[in-house]
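Working notes, beginning with the structure itself.
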Amino acid sequence: MLPKVNLISRPIEDILVDIKNHLEIQKEKNVVLIADDCGSYGIDIGTNFIKLLNQIGSHFPSTGIGIYYLYPKWIEKFGKDLLKVFRKLKIDNINIPIQSGSQKVLKLMNRKYNLEKIFQFIHELKKISPKTLVHTHYLIGFPGAKFKDFLKTVSTIPYFHYFQAFTYSSRKGTKSSELKETVSEFVKKIEMKIVIILLFMQFTRYFVGNVFKMKKHLGRLS
């Protein structure tokens with residue numbers, strides 16, 4: 001079952017016109033598709049996100065595309081079609097906000113997707129489109145999360161080139177605010193400090209790796 005959303009999707013033709021106008025003004029040939037959930041595009045107007053991407057690729061074949069954000073459940077539903085898109089088009093980057101590496105915590109969040117399937121998709125994506133930057137969001141300190149759940153989240157970091165982490169804060173009226181087993185502010189701070197260190201290490205490894213590849217490439221040309 002996919003998430004219920006209230007949508008007002010713009011027609012593909014209107015989006016293509018906006019992209020055309022954008023590319024005529026901007027020197028850099030890239031666009032960013034952004035929504036709370038790009039994957040839900042088109043449900044209300046009889047189309048879908050795959051068709052939108054293919055239309056963009058058909059009209060603007062040399063344009064790089066950024067995708068912010070793709071709810072992981074769509075990967076389970078359209079994974080094979082998405083991989084075909086990545087094989088054909090120039091996808092510069094994609095944000096897949098998994099929020100947690102713990103299936104237990106995802107259940108508490110009411111996020112119904114299988115992490116193993118998501119990571120298998122990312123593995124295939126990296127083989128098909130190695131230049132695509134894959135990043136995610138994590139939510140630290142969600143009610144009911146134990147330290148072992150935090151460690152499960154940390155263990156998923158290598159799947160991504162980059163990530164952002166946010167600390168959970170309770171908001172009145174939300175279902176999560178009704179959960180009794182909360183995470184202390186002290187534990188949240190400790191976990192965030194660990195995440196920040198790991199983020200720095202991840203960024204350094206990615207940056208240094210790219211510099212090394214560039215030098216190696218230039219060495220072959222000289």
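Scheme for the structure tokens: letters A, B, ... for chains in order shown; per-chain residue numbers from 1; ligand numbers from 1 in order shown.
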
Do you know which residues are at most 12 Å from Lys148 of chain A counting only C-alpha atoms, after dropping those on the same chain fewer than 3 positions away, and could you put them as a list in words? Ser100, Gly101, Ser102, Gln103, Lys104, Val105, Gly141, Gly144, Ala145, Leu151, Lys152, Thr153, Val154, Ser155 and Glu191 of chain A

Excluding Ser176 of chain A and any residue of its chain fewer than 4 positions from it, enumerate the residues within 9 Å of it, using only C-alpha atoms, and give them as a PyMOL selection string. chain A and resi 108-109+142-143+170-172+180

Close residues, Phe163 of chain A itself excluded, 8 Å, only C-alpha atoms, min 4 positions apart in chain, as a ChimeraX atom specification: /A:135-138,157,199

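When only C-alpha atoms are used to measure the gap to Pro158 of chain A, the shortest distance among A:Ile50, A:Ile94, A:Leu198, A:Leu33 belongs to A:Leu198.
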
In segment 34-195 of chain A, DSSP alpha helix (DSSP H) residues written as number ranges by chain: A: 49-59, 73-88, 103-109, 115-128, 147-155, 185-195

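Take atom CA of Asp37 of chain A and atom CA of Leu70 of chain A: the distance between them is 5.4 Å.
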
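Comparing the minimum interatomic distances between Leu52 of chain A and each of A:Glu178, A:Glu124, A:Asp14, A:Glu185, counting only C-alpha atoms, we find that A:Asp14 sits nearest.
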
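Atom CA of Phe49 of chain A is positioned 26.3 Å from atom CA of Thr156 of chain A.
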
Tyr69 of chain A environment, 8 Å, only C-alpha atoms, sequence neighbours closer than 5 positions dropped, as a ChimeraX atom specification: /A:34-39,94-97

For the selection you just gave me, I'd like the residues written to a file as a PDB file, in the first residue's frame, keeping N, CA and C atoms.
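The resulting file, out-v3.pdb, is reproduced below:
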```
ATOM      1  N   ILE A  34      11.761  18.867  -7.526  1.00  0.00           N
ATOM      2  CA  ILE A  34      11.637  18.843  -6.068  1.00  0.00           C
ATOM      3  C   ILE A  34      10.175  18.819  -5.644  1.00  0.00           C
ATOM      4  N   ALA A  35       9.893  17.975  -4.663  1.00  0.00           N
ATOM      5  CA  ALA A  35       8.563  17.861  -4.078  1.00  0.00           C
ATOM      6  C   ALA A  35       8.699  17.122  -2.764  1.00  0.00           C
ATOM      7  N   ASP A  36       7.671  17.145  -1.934  1.00  0.00           N
ATOM      8  CA  ASP A  36       7.711  16.344  -0.717  1.00  0.00           C
ATOM      9  C   ASP A  36       7.896  14.869  -1.060  1.00  0.00           C
ATOM     10  N   ASP A  37       7.362  14.472  -2.214  1.00  0.00           N
ATOM     11  CA  ASP A  37       7.536  13.103  -2.704  1.00  0.00           C
ATOM     12  C   ASP A  37       7.365  13.096  -4.214  1.00  0.00           C
ATOM     13  N   CYS A  38       8.481  13.145  -4.933  1.00  0.00           N
ATOM     14  CA  CYS A  38       8.426  13.160  -6.401  1.00  0.00           C
ATOM     15  C   CYS A  38       7.743  11.909  -6.955  1.00  0.00           C
ATOM     16  N   GLY A  39       7.887  10.795  -6.245  1.00  0.00           N
ATOM     17  CA  GLY A  39       7.332   9.535  -6.752  1.00  0.00           C
ATOM     18  C   GLY A  39       5.828   9.525  -6.869  1.00  0.00           C
ATOM     19  N   ILE A  94      20.159  11.978  -6.536  1.00  0.00           N
ATOM     20  CA  ILE A  94      18.839  11.584  -6.065  1.00  0.00           C
ATOM     21  C   ILE A  94      18.862  11.471  -4.545  1.00  0.00           C
ATOM     22  N   ASN A  95      17.825  12.018  -3.912  1.00  0.00           N
ATOM     23  CA  ASN A  95      17.683  11.895  -2.468  1.00  0.00           C
ATOM     24  C   ASN A  95      16.595  10.869  -2.162  1.00  0.00           C
ATOM     25  N   ILE A  96      16.990   9.815  -1.448  1.00  0.00           N
ATOM     26  CA  ILE A  96      16.057   8.763  -1.024  1.00  0.00           C
ATOM     27  C   ILE A  96      16.020   8.805   0.499  1.00  0.00           C
ATOM     28  N   PRO A  97      15.059   9.499   1.104  1.00  0.00           N
ATOM     29  CA  PRO A  97      15.055   9.697   2.553  1.00  0.00           C
ATOM     30  C   PRO A  97      14.583   8.470   3.330  1.00  0.00           C
TER      31      PRO A  97
END
```

Which of these, A:Trp74, A:Phe160, A:Phe166, A:Phe203, has the shortest distance to Arg111 of chain A once you count only C-alpha atoms? A:Trp74

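Our summary of the geometry notes that atom CA of Ile98 of chain A is positioned 6.6 Å from atom CA of Pro72 of chain A.
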
So which residues touch Val85 of chain A within 10 Å, counting only C-alpha atoms, skipping near sequence neighbours fewer than 5 positions away, as a list in words? Ile50, Lys51, Leu53, Asn54, Gly57, Gly79, Lys80, Lys90, Ile91, Ile128 and Ser129 of chain A

Please identify all polymer residues within 8 Å of Lys73 of chain A, counting only C-alpha atoms, omitting same-chain residues fewer than 3 positions from it, and present them as a PyMOL selection string. chain A and resi 2+76-77+112-113

For the selection you just gave me, I'd like the residues written to a file as a JSON list (two decimals), in the first residue's frame, keeping N, CA and C atoms.
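Output (result39.json):
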```json
[["chain", "number", "residue", "atom", "x", "y", "z"],
["A", 2, "LEU", "N", 0.64, 2.16, -0.92],
["A", 2, "LEU", "CA", 1.43, 3.36, -1.03],
["A", 2, "LEU", "C", 0.84, 4.46, -0.15],
["A", 76, "GLU", "N", 10.17, 0.20, -4.36],
["A", 76, "GLU", "CA", 9.63, -1.16, -4.34],
["A", 76, "GLU", "C", 8.62, -1.36, -5.47],
["A", 77, "LYS", "N", 7.87, -0.33, -5.80],
["A", 77, "LYS", "CA", 6.82, -0.45, -6.81],
["A", 77, "LYS", "C", 7.36, -0.29, -8.24],
["A", 112, "LYS", "N", 6.26, 2.20, 5.54],
["A", 112, "LYS", "CA", 6.12, 0.78, 5.21],
["A", 112, "LYS", "C", 6.90, 0.40, 3.96],
["A", 113, "TYR", "N", 8.21, 0.20, 4.13],
["A", 113, "TYR", "CA", 9.01, -0.29, 3.02],
["A", 113, "TYR", "C", 10.12, -1.18, 3.57]]
```

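If you count only C-alpha atoms and ignore residues fewer than 5 places along the chain from Leu82 of chain A, what sits within 9 Å of it is Ile50, Ile75, Arg87 and Leu125 of chain A.
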
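Listed by chain and then by rising number, the residues of segment 125-166 of chain A that DSSP assigns to strand (DSSP E) from the backbone are A:Leu133, A:Val134, A:His135, A:Thr136, A:His137, A:Tyr138, A:Leu139, A:Ile140, A:Tyr162, A:Phe163, A:Gln164, A:Ala165, A:Phe166.
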
Please, could you write that set of residues out with C-alpha atoms as a PDB file, in the first residue's frame?
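So the final result, stored in again-v2.pdb, reads:
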```pdb
ATOM      1  CA  LEU A 133      25.235  11.116  -6.271  1.00  0.00           C
ATOM      2  CA  VAL A 134      22.953   9.154  -3.917  1.00  0.00           C
ATOM      3  CA  HIS A 135      22.046  10.799  -0.625  1.00  0.00           C
ATOM      4  CA  THR A 136      19.517  10.443   2.174  1.00  0.00           C
ATOM      5  CA  HIS A 137      18.014  11.837   5.385  1.00  0.00           C
ATOM      6  CA  TYR A 138      18.123  10.308   8.841  1.00  0.00           C
ATOM      7  CA  LEU A 139      15.896  11.167  11.791  1.00  0.00           C
ATOM      8  CA  ILE A 140      17.745  10.663  15.083  1.00  0.00           C
ATOM      9  CA  TYR A 162      26.168  11.921   1.417  1.00  0.00           C
ATOM     10  CA  PHE A 163      23.510  12.257   4.095  1.00  0.00           C
ATOM     11  CA  GLN A 164      21.805  14.743   6.385  1.00  0.00           C
ATOM     12  CA  ALA A 165      20.636  14.012   9.914  1.00  0.00           C
ATOM     13  CA  PHE A 166      17.973  15.729  11.965  1.00  0.00           C
TER      14      PHE A 166
END
```
